[in-house]
$ cat my_file-v5.txt   # compact mmCIF, C-alpha atoms and all ligand atoms
# COMPACT_ATOMS: atom_id res chain seq x y z
CA MET A 1 75.55 130.53 224.56
CA SER A 2 74.98 130.20 228.32
CA SER A 3 74.60 126.79 229.90
CA ALA A 4 70.95 127.61 230.70
CA LEU A 5 70.22 128.13 227.01
CA ARG A 6 72.08 124.99 226.08
CA THR A 7 69.64 122.95 228.21
CA ILE A 8 66.72 123.83 225.92
CA PRO A 9 66.28 120.96 223.48
CA ARG A 10 67.31 121.80 219.91
CA VAL A 11 63.94 120.59 218.66
CA ALA A 12 62.24 123.13 220.91
CA LEU A 13 64.27 125.93 219.39
CA ARG A 14 63.48 124.79 215.87
CA ARG A 15 59.76 124.58 216.50
CA LEU A 16 59.40 127.94 218.19
CA PRO A 17 57.03 130.29 216.40
CA ALA A 18 57.91 133.99 216.37
CA ALA A 19 58.04 135.33 219.91
CA PRO A 20 55.30 137.82 220.78
CA ALA A 21 56.05 141.49 220.08
CA PRO A 22 56.23 142.56 223.79
CA ALA A 23 58.76 139.81 224.52
CA LEU A 24 60.91 140.89 221.56
CA ALA A 25 60.74 144.54 222.63
CA PHE A 26 61.77 143.60 226.14
CA ALA A 27 64.66 141.48 224.88
CA ARG A 28 65.89 144.26 222.56
CA ALA A 29 65.66 146.92 225.26
CA TYR A 30 67.40 144.70 227.78
CA SER A 31 70.23 143.69 225.49
CA SER A 32 70.94 147.24 224.27
CA GLN A 33 71.01 148.38 227.88
CA ARG A 34 73.32 145.52 228.74
CA GLN A 35 75.74 146.33 225.91
CA TYR A 36 76.01 149.91 227.18
CA GLN A 37 76.46 149.07 230.83
CA MET A 38 78.52 145.92 230.65
CA PRO A 39 81.27 145.30 228.14
CA ARG A 40 81.34 141.70 226.99
CA THR A 41 84.06 140.22 229.16
CA ARG A 42 84.20 136.93 230.85
CA LYS A 43 84.22 138.75 234.18
CA SER A 44 80.74 140.14 233.60
CA GLY A 45 79.46 136.57 233.75
CA SER A 46 76.86 137.19 236.45
CA GLY A 47 75.02 139.77 234.26
CA ALA A 48 75.21 137.51 231.26
CA GLY A 49 73.90 134.70 233.44
CA VAL A 50 70.84 136.76 234.41
CA VAL A 51 70.15 137.54 230.74
CA GLY A 52 70.59 133.89 229.87
CA VAL A 53 68.24 132.72 232.57
CA LEU A 54 65.64 135.32 231.59
CA ALA A 55 65.92 134.47 227.89
CA ALA A 56 65.71 130.78 228.71
CA GLY A 57 62.59 131.45 230.75
CA VAL A 58 60.95 133.38 227.91
CA LEU A 59 61.88 130.69 225.38
CA ALA A 60 60.75 127.84 227.60
CA GLY A 61 57.45 129.63 228.29
CA TRP A 62 56.98 130.22 224.60
CA TYR A 63 57.84 126.61 223.87
CA MET A 64 55.18 125.38 226.31
CA TYR A 65 52.66 127.82 224.82
CA SER A 66 53.36 126.75 221.25
CA LYS A 67 53.17 123.06 222.21
CA GLN A 68 49.78 123.68 223.74
CA GLN A 69 48.66 125.60 220.65
CA ASP A 70 49.81 122.70 218.47
CA SER A 71 47.76 120.18 220.44
CA THR A 72 44.63 122.35 220.20
CA THR A 73 44.98 122.91 216.42
CA PRO A 74 42.53 120.52 214.73
CA SER A 75 44.19 117.80 212.65
CA TRP A 76 42.59 118.95 209.40
CA LYS A 77 44.39 122.29 209.66
CA LYS A 78 47.81 120.64 209.75
CA VAL A 79 47.57 119.08 206.28
CA ASP A 80 49.10 120.39 203.07
CA TYR A 81 46.19 119.52 200.77
CA ALA A 82 47.85 120.74 197.58
CA GLY A 83 50.70 118.37 198.50
CA VAL A 84 48.27 115.48 199.01
CA TYR A 85 46.66 116.30 195.65
CA LYS A 86 50.06 116.00 193.97
CA ASP A 87 50.86 112.77 195.81
CA ILE A 88 47.54 111.21 194.72
CA ALA A 89 48.15 112.33 191.14
CA ALA A 90 51.52 110.58 191.25
CA LEU A 91 49.72 107.31 192.12
CA LEU A 92 47.36 107.36 189.15
CA GLU A 93 49.47 105.91 186.38
CA ASP A 94 50.51 102.28 186.32
CA GLU A 95 50.77 100.52 183.02
CA ASN A 96 50.33 97.15 184.69
CA TYR A 97 46.97 98.02 186.23
CA ASP A 98 43.76 97.72 184.20
CA ASP A 99 43.79 100.32 181.41
CA GLY A 100 46.85 102.07 182.88
CA SER A 101 45.27 104.29 185.53
CA TYR A 102 43.93 103.99 189.07
CA GLY A 103 41.81 107.10 188.39
CA PRO A 104 38.56 105.23 187.64
CA VAL A 105 38.72 103.09 190.78
CA PHE A 106 39.66 106.16 192.91
CA LEU A 107 36.59 107.92 191.53
CA ARG A 108 34.40 104.93 192.30
CA LEU A 109 35.81 104.81 195.85
CA ALA A 110 34.99 108.50 196.41
CA TRP A 111 31.46 107.99 195.08
CA HIS A 112 30.75 104.85 197.12
CA ALA A 113 32.15 106.49 200.27
CA SER A 114 29.70 109.37 199.75
CA GLY A 115 26.69 107.76 198.08
CA THR A 116 25.43 106.06 201.24
CA TYR A 117 23.90 109.32 202.44
CA ASP A 118 20.28 109.38 203.52
CA CYS A 119 18.93 112.91 203.61
CA LYS A 120 16.03 111.98 205.91
CA SER A 121 18.02 110.37 208.71
CA HIS A 122 21.18 112.40 207.95
CA THR A 123 23.22 109.22 208.15
CA GLY A 124 25.93 107.93 205.81
CA GLY A 125 28.05 109.98 203.44
CA SER A 126 31.77 110.49 203.28
CA SER A 127 32.18 112.16 206.66
CA GLY A 128 32.83 109.11 208.83
CA CYS A 129 34.46 107.19 205.97
CA THR A 130 32.94 103.97 207.24
CA ILE A 131 33.51 102.39 203.82
CA ARG A 132 36.93 101.29 205.06
CA HIS A 133 35.43 99.13 207.82
CA ALA A 134 33.71 95.74 207.59
CA PRO A 135 30.83 95.10 207.12
CA GLU A 136 30.47 98.12 204.77
CA SER A 137 33.74 97.36 202.96
CA GLU A 138 32.34 93.89 202.24
CA HIS A 139 28.99 94.96 200.83
CA ASP A 140 28.64 93.56 197.30
CA ALA A 141 28.52 97.04 195.76
CA ASN A 142 31.95 97.78 197.21
CA ALA A 143 33.70 94.71 195.80
CA GLY A 144 37.10 95.67 194.39
CA LEU A 145 37.43 98.98 196.19
CA GLU A 146 40.13 97.57 198.46
CA VAL A 147 42.37 97.99 195.40
CA ALA A 148 41.93 101.76 195.65
CA ARG A 149 42.19 101.85 199.44
CA ARG A 150 45.45 99.86 199.36
CA ARG A 151 46.92 102.15 196.73
CA LEU A 152 46.10 105.24 198.82
CA GLU A 153 47.22 103.85 202.18
CA PRO A 154 50.86 105.07 201.96
CA LEU A 155 49.52 108.62 201.68
CA LYS A 156 47.70 108.26 204.99
CA LYS A 157 51.09 107.35 206.50
CA LYS A 158 52.79 110.26 204.76
CA HIS A 159 50.07 112.76 205.76
CA PRO A 160 48.88 111.29 209.08
CA ASN A 161 46.67 114.27 209.93
CA ILE A 162 44.39 113.84 206.92
CA SER A 163 41.19 111.94 207.64
CA TYR A 164 40.33 108.97 205.46
CA GLY A 165 37.13 110.74 204.44
CA ASP A 166 39.14 113.69 203.14
CA LEU A 167 41.74 111.43 201.48
CA TYR A 168 39.23 109.27 199.61
CA THR A 169 37.06 112.17 198.44
CA LEU A 170 40.11 114.15 197.36
CA ALA A 171 41.25 111.10 195.37
CA GLY A 172 37.97 111.34 193.44
CA VAL A 173 38.63 115.00 192.68
CA VAL A 174 42.17 114.23 191.51
CA ALA A 175 40.90 111.43 189.26
CA VAL A 176 38.32 113.65 187.57
CA GLN A 177 40.69 116.55 187.05
CA GLU A 178 43.84 114.67 186.07
CA LEU A 179 42.00 112.47 183.59
CA GLY A 180 40.81 115.56 181.76
CA GLY A 181 37.56 116.48 183.52
CA PRO A 182 36.42 119.73 185.12
CA THR A 183 37.77 121.40 188.25
CA VAL A 184 35.80 120.18 191.27
CA LYS A 185 35.46 122.34 194.37
CA TRP A 186 36.48 120.51 197.54
CA ARG A 187 36.66 121.24 201.28
CA PRO A 188 38.51 119.39 204.06
CA GLY A 189 37.27 118.63 207.57
CA ARG A 190 35.65 115.18 207.50
CA VAL A 191 36.09 113.27 210.76
CA ASP A 192 36.49 109.49 210.59
CA LYS A 193 34.14 107.22 212.52
CA GLN A 194 34.39 103.67 213.79
CA ALA A 195 32.92 100.45 212.35
CA VAL A 196 29.79 100.64 214.53
CA GLU A 197 28.72 103.61 212.39
CA CYS A 198 28.78 101.57 209.13
CA THR A 199 25.74 102.16 206.92
CA PRO A 200 23.38 99.27 206.17
CA ASP A 201 23.76 97.33 202.92
CA GLY A 202 21.57 98.36 200.00
CA ARG A 203 22.13 102.12 199.92
CA LEU A 204 24.10 102.09 196.64
CA PRO A 205 22.42 101.44 193.28
CA ASP A 206 21.82 97.96 191.94
CA ALA A 207 23.10 97.82 188.35
CA ALA A 208 20.50 95.18 187.42
CA GLN A 209 17.58 97.57 187.97
CA GLY A 210 15.97 100.42 186.05
CA ALA A 211 14.93 104.06 186.29
CA ASP A 212 12.58 103.76 189.31
CA HIS A 213 15.27 102.17 191.44
CA VAL A 214 17.93 104.64 190.29
CA ARG A 215 15.60 107.52 191.25
CA ASP A 216 14.81 105.94 194.66
CA ILE A 217 18.51 105.67 195.46
CA PHE A 218 19.58 109.14 194.30
CA TYR A 219 16.47 110.97 195.56
CA ARG A 220 17.28 109.48 198.99
CA MET A 221 20.63 111.31 198.77
CA GLY A 222 18.83 114.54 197.83
CA PHE A 223 19.57 114.65 194.08
CA GLY A 224 17.25 115.53 191.21
CA ASP A 225 17.04 114.01 187.70
CA GLN A 226 19.47 116.45 186.09
CA GLU A 227 22.12 115.78 188.74
CA ILE A 228 21.64 112.01 188.47
CA ALA A 229 22.01 112.13 184.69
CA ALA A 230 25.17 114.24 185.06
CA LEU A 231 26.72 111.98 187.70
CA VAL A 232 26.30 108.77 185.72
CA GLY A 233 28.43 110.34 182.97
CA ALA A 234 31.36 109.18 185.13
CA HIS A 235 30.81 105.87 183.35
CA ALA A 236 32.95 107.30 180.59
CA LEU A 237 35.77 106.15 182.86
CA GLY A 238 36.93 102.68 183.76
CA ARG A 239 35.37 99.34 183.25
CA CYS A 240 33.41 96.54 184.86
CA HIS A 241 35.32 93.57 186.25
CA THR A 242 33.97 90.04 186.40
CA ASP A 243 35.77 89.46 189.70
CA ARG A 244 34.24 92.59 191.28
CA SER A 245 30.68 93.35 190.13
CA GLY A 246 30.40 90.33 187.83
CA TYR A 247 29.86 92.59 184.79
CA ASP A 248 32.44 92.88 182.06
CA GLY A 249 34.08 95.51 179.90
CA PRO A 250 34.50 99.27 179.39
CA TRP A 251 31.82 101.73 178.30
CA ASN A 252 33.92 103.18 175.48
CA ALA A 253 37.32 103.11 173.79
CA SER A 254 39.04 105.68 176.05
CA PRO A 255 38.37 104.54 179.63
CA THR A 256 41.15 106.68 181.12
CA ALA A 257 39.88 109.99 179.69
CA PHE A 258 37.07 111.98 181.29
CA THR A 259 34.75 112.77 178.34
CA ASN A 260 31.05 112.89 177.48
CA PHE A 261 31.40 109.56 175.67
CA PHE A 262 29.02 107.76 178.04
CA TYR A 263 26.20 109.78 176.49
CA THR A 264 27.38 109.65 172.88
CA GLU A 265 27.95 105.88 173.01
CA LEU A 266 24.63 105.31 174.75
CA LEU A 267 22.72 107.22 172.04
CA ASP A 268 24.75 106.30 168.96
CA ASN A 269 24.89 102.53 169.38
CA THR A 270 22.38 99.77 169.18
CA TRP A 271 22.70 97.83 172.43
CA VAL A 272 21.94 94.14 172.54
CA PRO A 273 21.99 91.66 175.42
CA LYS A 274 25.42 90.06 175.79
CA LYS A 275 25.43 86.33 175.11
CA TRP A 276 27.22 84.82 178.06
CA THR A 277 26.64 83.06 181.35
CA GLY A 278 27.31 86.18 183.44
CA PRO A 279 24.72 88.69 184.67
CA MET A 280 22.44 90.35 182.11
CA GLN A 281 24.23 93.30 180.47
CA PHE A 282 24.31 94.96 177.07
CA VAL A 283 27.04 95.17 174.43
CA ASP A 284 27.17 97.36 171.34
CA LYS A 285 25.81 95.44 168.38
CA GLN A 286 28.51 96.53 165.97
CA SER A 287 31.74 95.57 167.77
CA GLY A 288 30.64 93.87 170.98
CA ALA A 289 33.59 95.63 172.64
CA PHE A 290 31.66 98.11 174.80
CA MET A 291 29.04 97.59 177.45
CA MET A 292 26.08 99.13 179.24
CA LEU A 293 24.58 98.03 182.53
CA PRO A 294 20.81 97.56 182.70
CA ALA A 295 20.76 100.68 184.97
CA ASP A 296 22.72 102.63 182.33
CA MET A 297 20.09 101.76 179.71
CA ALA A 298 17.47 103.48 181.88
CA PHE A 299 19.11 106.78 180.90
CA LYS A 300 18.23 106.07 177.28
CA THR A 301 14.75 104.67 177.78
CA ASP A 302 13.41 106.99 180.50
CA PRO A 303 12.25 110.20 178.74
CA ARG A 304 13.18 112.60 181.55
CA PHE A 305 16.70 111.17 181.91
CA ARG A 306 17.08 110.99 178.13
CA ALA A 307 16.51 114.73 177.70
CA TYR A 308 19.66 115.36 179.78
CA VAL A 309 21.59 112.57 178.04
CA GLU A 310 20.87 114.22 174.67
CA ARG A 311 21.99 117.59 175.99
CA TYR A 312 25.25 116.24 177.45
CA ALA A 313 25.98 114.25 174.27
CA ARG A 314 25.67 117.48 172.25
CA ASP A 315 27.48 119.75 174.70
CA GLN A 316 30.48 118.49 176.64
CA ASP A 317 30.93 121.84 178.41
CA ALA A 318 27.40 121.63 179.81
CA PHE A 319 28.16 118.11 181.04
CA PHE A 320 31.43 119.21 182.66
CA ALA A 321 29.77 122.13 184.45
CA ASP A 322 26.84 120.05 185.73
CA PHE A 323 29.05 117.12 186.67
CA ALA A 324 31.43 119.36 188.65
CA ASN A 325 28.53 120.77 190.68
CA ALA A 326 26.77 117.47 191.29
CA PHE A 327 30.00 115.66 192.18
CA ALA A 328 31.12 118.38 194.62
CA LYS A 329 27.66 118.11 196.23
CA LEU A 330 27.95 114.30 196.42
CA LEU A 331 31.30 114.52 198.21
CA GLU A 332 29.83 116.88 200.81
CA LEU A 333 26.61 115.01 201.61
CA GLY A 334 26.13 114.76 205.36
CA VAL A 335 29.43 116.43 206.24
CA SER A 336 29.44 119.12 208.95
CA PHE A 337 32.42 121.16 207.86
CA PRO A 338 34.23 123.38 210.34
CA GLU A 339 33.15 126.99 209.79
CA ASP A 340 36.62 128.05 208.71
CA ALA A 341 37.24 125.12 206.32
CA PRO A 342 38.59 126.68 203.11
CA LEU A 343 37.14 125.83 199.70
CA TYR A 344 39.85 124.51 197.38
CA ARG A 345 39.96 124.61 193.60
CA PHE A 346 43.10 122.64 192.86
CA LYS A 347 45.07 123.45 189.76
CA THR A 348 45.16 120.49 187.38
CA LEU A 349 48.77 119.34 187.00
CA ASP A 350 48.80 118.06 183.42
C1 LIG A 401 22.96 104.24 188.30
C2 LIG A 401 23.93 104.34 189.15
C3 LIG A 401 25.17 103.50 189.09
C4 LIG A 401 25.30 102.14 188.99
C5 LIG A 401 24.19 101.11 188.97
C6 LIG A 401 26.70 101.85 188.91
C7 LIG A 401 27.26 100.60 188.82
C8 LIG A 401 28.60 100.33 188.54
C9 LIG A 401 29.15 99.03 188.35
C10 LIG A 401 28.40 97.72 188.46
C11 LIG A 401 30.48 99.19 188.08
C12 LIG A 401 31.50 98.09 187.79
C13 LIG A 401 32.40 97.85 189.00
C14 LIG A 401 33.47 96.84 188.70
O1 LIG A 401 33.13 95.72 188.29
O2 LIG A 401 34.65 97.15 188.91
C15 LIG A 401 30.75 100.58 188.08
C16 LIG A 401 31.97 101.13 187.81
C17 LIG A 401 32.24 102.48 187.91
N1 LIG A 401 31.39 103.45 188.35
FE1 LIG A 401 29.38 103.26 188.61
N2 LIG A 401 27.40 103.02 188.98
C18 LIG A 401 26.50 104.05 189.10
C19 LIG A 401 26.80 105.38 189.25
C20 LIG A 401 28.07 105.90 189.30
C21 LIG A 401 28.39 107.25 189.68
C22 LIG A 401 27.37 108.28 190.17
C23 LIG A 401 29.74 107.38 189.57
C24 LIG A 401 30.62 108.55 189.87
C25 LIG A 401 30.20 109.79 190.03
C26 LIG A 401 30.25 106.11 189.10
C27 LIG A 401 31.57 105.85 188.80
C28 LIG A 401 32.06 104.63 188.36
C29 LIG A 401 33.39 104.42 187.85
C30 LIG A 401 34.46 105.49 187.63
C31 LIG A 401 33.51 103.06 187.57
C32 LIG A 401 34.72 102.33 187.00
C33 LIG A 401 35.53 101.72 188.12
C34 LIG A 401 36.76 100.98 187.67
O3 LIG A 401 37.14 101.06 186.50
O4 LIG A 401 37.36 100.32 188.51
N3 LIG A 401 29.21 105.24 188.98
N4 LIG A 401 29.58 101.26 188.38
$ encode --input "my_file-v5.txt" --output "structure tokens" --more "lines below"
Ligand code: HEM
Amino acid sequence: MSSALRTIPRVALRRLPAAPAPALAFARAYSSQRQYQMPRTRKSGSGAGVVGVLAAGVLAGWYMYSKQQDSTTPSWKKVDYAGVYKDIAALLEDENYDDGSYGPVFLRLAWHASGTYDCKSHTGGSSGCTIRHAPESEHDANAGLEVARRRLEPLKKKHPNISYGDLYTLAGVVAVQELGGPTVKWRPGRVDKQAVECTPDGRLPDAAQGADHVRDIFYRMGFGDQEIAALVGAHALGRCHTDRSGYDGPWNASPTAFTNFFYTELLDNTWVPKKWTGPMQFVDKQSGAFMMLPADMAFKTDPRFRAYVERYARDQDAFFADFANAFAKLLELGVSFPEDAPLYRFKTLD
């Protein structure tokens, strides 16, 4: 190797993309000509020097070009999303946390990051991921979600080019799929915003209220009754925590499996007010082990919601299909995706 070549940093050589075809053709032609005309002896050093200098020039030019290309490639294109999916999946299980999985709280984070969307003003939604900033992170509805954000933070370090909006929404997709739910279509390209863009308090549903309020909140996002009834089926997963929302308990006996049990439990049980000093909620009369929020009960008492609840209780496939569509829509509310953002359907790992 000539001394000129040796001056190019090793890292530059490693990062070089394939040289352009004309440059390769020139190099091949020149070197074959050189082999014919000049035997490789130390004395032919001046010819070799010219080749070296030329090659170094081409390489250095290509290095500068590729560096420039790298800096103009948008961050979202530099991320291995299937790799992030796997890394999130590896964070789900922890026998010392809650019912043994972070899936439910990841799903709730994805939903609360997205559910602030207002279709009239086109504000909110997962795009800016303002849920990670105060004051939005401190809104009552978001109590406890720092648990999910903390758990995911090492992945932001490991994949620095992913936006928080993409990371948190993808965590919701992983939770649904890896806990046994349907495949959810997902696209990258959300761009994080600063705290000044936080959405006002009050955009997420209040669990103490009924059907009118639930409709007001979800219609504001642009959803219809069928989509709302499908989305709330996520309450098959996880539980309420007295130190977060103030409510207490799981909705069914398998809170780490994505099922249609929210609907079957809602219809099959008699629900009575829980006798305690906490906020008004319902427990199943028979065991007292499972709970429903006042807002959940609206899906049993409101006739239009109930029609969907009955359908999803009978037909888990119908629930999975409708949930997958409504949830993918939720995660995309208000996001202006780059035109060339690919649509992913990640393969479930289990
Ligand atoms: C009527 C609308 C809704 C209301 C009023 C509501 C309210 C709540 C409340 C109060 C909790 C308990 C939080 C805690 O104490 O940790 C909770 C948990 C949860 N919610 Fe909802 N929610 C609604 C809709 C949704 C939707 C649309 C999804 C997802 C698509 C969802 C997913 C979850 C999950 C997975 C949990 C369990 C979290 C955990 O175990 O940490 N919810 N919800």
$ residues_near_ligand --input "my_file-v5.txt" --ligand "ligand LIG 401 (chain A)" --cutoff "6 Å" --atoms "all atoms listed in the file" --output "list in words"
Pro104, Val105, Leu107, Arg108, Trp111, Pro205, Asp206, Ala207, Val214, Leu231, Val232, Ala234, His235, Leu237, Gly238, Arg239, Cys240, His241, Arg244, Ser245, Tyr247 and Ala295 of chain A
$ closest_residue --input "my_file-v5.txt" --among "A:Glu227, A:Asp140, A:Asp216, A:Asp94" --to "A:Ala328" --atoms "all atoms listed in the file"
A:Glu227
$ closest_residue --input "my_file-v5.txt" --among "A:Asp302, A:Asp315, A:Glu146, A:Glu138" --to "A:Leu109" --atoms "all atoms listed in the file"
A:Glu146
$ closest_residue --input "my_file-v5.txt" --among "A:Gly249, A:Gly124, A:Gly278, A:Pro200" --to "A:Glu136" --atoms "all atoms listed in the file"
A:Pro200
$ closest_residue --input "my_file-v5.txt" --among "A:Ile162, A:Val335, A:Leu204, A:Ala307" --to "A:His122" --atoms "all atoms listed in the file"
A:Val335
$ atom_distance --input "my_file-v5.txt" --atom1 "atom CA of A:Val176" --atom2 "atom CA of A:Lys274"
29.4 Å
$ atom_distance --input "my_file-v5.txt" --atom1 "atom CA of A:Ile88" --atom2 "atom CA of A:Gln316"
25.9 Å
$ residues_around --input "my_file-v5.txt" --residues "A:Lys329" --least-positions-apart "6" --cutoff "12 Å" --atoms "all atoms listed in the file" --output "ChimeraX atom specification"
/A:111,114-115,117,125-126,169,173,184-187,221-224,227-228,231,322-323,335
$ residues_around --input "my_file-v5.txt" --residues "A:Glu197" --least-positions-apart "6" --cutoff "12 Å" --atoms "all atoms listed in the file" --output "list in words"
Thr116, Thr123, Gly124, Gly125, Ser126, Ser127, Gly128, Cys129, Thr130, Ile131, Arg132, His133, Ala134, Pro135 and Glu136 of chain A
$ write_last_selection --input "my_file-v5.txt" --atoms "C-alpha atoms" --output "PDB file, in the coordinates of the input"
ATOM      1  CA  THR A 116      25.430 106.060 201.240  1.00  0.00           C
ATOM      2  CA  THR A 123      23.220 109.220 208.150  1.00  0.00           C
ATOM      3  CA  GLY A 124      25.930 107.930 205.810  1.00  0.00           C
ATOM      4  CA  GLY A 125      28.050 109.980 203.440  1.00  0.00           C
ATOM      5  CA  SER A 126      31.770 110.490 203.280  1.00  0.00           C
ATOM      6  CA  SER A 127      32.180 112.160 206.660  1.00  0.00           C
ATOM      7  CA  GLY A 128      32.830 109.110 208.830  1.00  0.00           C
ATOM      8  CA  CYS A 129      34.460 107.190 205.970  1.00  0.00           C
ATOM      9  CA  THR A 130      32.940 103.970 207.240  1.00  0.00           C
ATOM     10  CA  ILE A 131      33.510 102.390 203.820  1.00  0.00           C
ATOM     11  CA  ARG A 132      36.930 101.290 205.060  1.00  0.00           C
ATOM     12  CA  HIS A 133      35.430  99.130 207.820  1.00  0.00           C
ATOM     13  CA  ALA A 134      33.710  95.740 207.590  1.00  0.00           C
ATOM     14  CA  PRO A 135      30.830  95.100 207.120  1.00  0.00           C
ATOM     15  CA  GLU A 136      30.470  98.120 204.770  1.00  0.00           C
TER      16      GLU A 136
END
$ closest_residue --input "my_file-v5.txt" --among "A:Phe337, A:Pro250, A:Val174, A:Ala113" --to "A:Arg149" --atoms "only C-alpha atoms"
A:Ala113
$ atom_distance --input "my_file-v5.txt" --atom1 "atom CA of A:Phe262" --atom2 "atom CA of A:Val283"
13.2 Å
$ closest_residue --input "my_file-v5.txt" --among "A:Leu330, A:Asp87, A:Leu349, A:Thr242" --to "A:Lys158" --atoms "all atoms listed in the file"
A:Asp87
$ residues_around --input "my_file-v5.txt" --residues "stretch 76-81 of chain A" --least-positions-apart "6" --cutoff "10 Å" --atoms "all atoms listed in the file" --output "compact mmCIF listing (two decimals) with C-alpha atoms, in the frame of the given file"
# COMPACT_ATOMS: atom_id res chain seq x y z
CA ASP A 70 49.81 122.70 218.47
CA ASP A 87 50.86 112.77 195.81
CA HIS A 159 50.07 112.76 205.76
CA PRO A 160 48.88 111.29 209.08
CA ASN A 161 46.67 114.27 209.93
CA ILE A 162 44.39 113.84 206.92
CA SER A 163 41.19 111.94 207.64
CA ASP A 166 39.14 113.69 203.14
CA LEU A 167 41.74 111.43 201.48
CA LEU A 170 40.11 114.15 197.36
CA ARG A 187 36.66 121.24 201.28
CA PRO A 188 38.51 119.39 204.06
CA GLY A 189 37.27 118.63 207.57
CA ARG A 190 35.65 115.18 207.50
CA VAL A 191 36.09 113.27 210.76
CA PRO A 338 34.23 123.38 210.34
CA ASP A 340 36.62 128.05 208.71
CA ALA A 341 37.24 125.12 206.32
CA PRO A 342 38.59 126.68 203.11
CA TYR A 344 39.85 124.51 197.38
CA PHE A 346 43.10 122.64 192.86
$ residues_around --input "my_file-v5.txt" --residues "A:Ala321" --least-positions-apart "2" --cutoff "10 Å" --atoms "only C-alpha atoms" --output "list in words"
Gly181, Pro182, Thr183, Val184, Ala230, Gln316, Asp317, Ala318, Phe319, Phe323, Ala324, Asn325 and Ala326 of chain A
$ build_atoms --input "my_file-v5.txt" --residues "stretch 95-107 of chain A" --atoms "N, CA and C atoms" --output "PDB file, in the coordinates of the input"
ATOM      1  N   GLU A  95      51.097 101.220 184.273  1.00  0.00           N
ATOM      2  CA  GLU A  95      50.770 100.520 183.020  1.00  0.00           C
ATOM      3  C   GLU A  95      50.372  99.067 183.243  1.00  0.00           C
ATOM      4  N   ASN A  96      50.694  98.548 184.430  1.00  0.00           N
ATOM      5  CA  ASN A  96      50.330  97.150 184.690  1.00  0.00           C
ATOM      6  C   ASN A  96      48.948  96.983 185.322  1.00  0.00           C
ATOM      7  N   TYR A  97      48.289  98.125 185.608  1.00  0.00           N
ATOM      8  CA  TYR A  97      46.970  98.020 186.230  1.00  0.00           C
ATOM      9  C   TYR A  97      45.873  98.345 185.210  1.00  0.00           C
ATOM     10  N   ASP A  98      44.954  97.459 185.019  1.00  0.00           N
ATOM     11  CA  ASP A  98      43.760  97.720 184.200  1.00  0.00           C
ATOM     12  C   ASP A  98      44.106  98.415 182.879  1.00  0.00           C
ATOM     13  N   ASP A  99      43.531  99.600 182.658  1.00  0.00           N
ATOM     14  CA  ASP A  99      43.790 100.320 181.410  1.00  0.00           C
ATOM     15  C   ASP A  99      44.931 101.326 181.578  1.00  0.00           C
ATOM     16  N   GLY A 100      45.677 101.205 182.693  1.00  0.00           N
ATOM     17  CA  GLY A 100      46.850 102.070 182.880  1.00  0.00           C
ATOM     18  C   GLY A 100      46.666 103.176 183.890  1.00  0.00           C
ATOM     19  N   SER A 101      45.498 103.219 184.552  1.00  0.00           N
ATOM     20  CA  SER A 101      45.270 104.290 185.530  1.00  0.00           C
ATOM     21  C   SER A 101      44.405 103.803 186.682  1.00  0.00           C
ATOM     22  N   TYR A 102      44.770 104.248 187.891  1.00  0.00           N
ATOM     23  CA  TYR A 102      43.930 103.990 189.070  1.00  0.00           C
ATOM     24  C   TYR A 102      42.820 105.033 189.203  1.00  0.00           C
ATOM     25  N   GLY A 103      42.807 106.029 188.291  1.00  0.00           N
ATOM     26  CA  GLY A 103      41.810 107.100 188.390  1.00  0.00           C
ATOM     27  C   GLY A 103      40.379 106.580 188.493  1.00  0.00           C
ATOM     28  N   PRO A 104      39.954 105.693 187.582  1.00  0.00           N
ATOM     29  CA  PRO A 104      38.560 105.230 187.640  1.00  0.00           C
ATOM     30  C   PRO A 104      38.195 104.584 188.981  1.00  0.00           C
ATOM     31  N   VAL A 105      39.068 103.772 189.518  1.00  0.00           N
ATOM     32  CA  VAL A 105      38.720 103.090 190.780  1.00  0.00           C
ATOM     33  C   VAL A 105      38.796 104.073 191.960  1.00  0.00           C
ATOM     34  N   PHE A 106      39.648 105.104 191.876  1.00  0.00           N
ATOM     35  CA  PHE A 106      39.660 106.160 192.910  1.00  0.00           C
ATOM     36  C   PHE A 106      38.327 106.917 192.885  1.00  0.00           C
ATOM     37  N   LEU A 107      37.858 107.182 191.668  1.00  0.00           N
ATOM     38  CA  LEU A 107      36.590 107.920 191.530  1.00  0.00           C
ATOM     39  C   LEU A 107      35.447 107.082 192.093  1.00  0.00           C
TER      40      LEU A 107
END
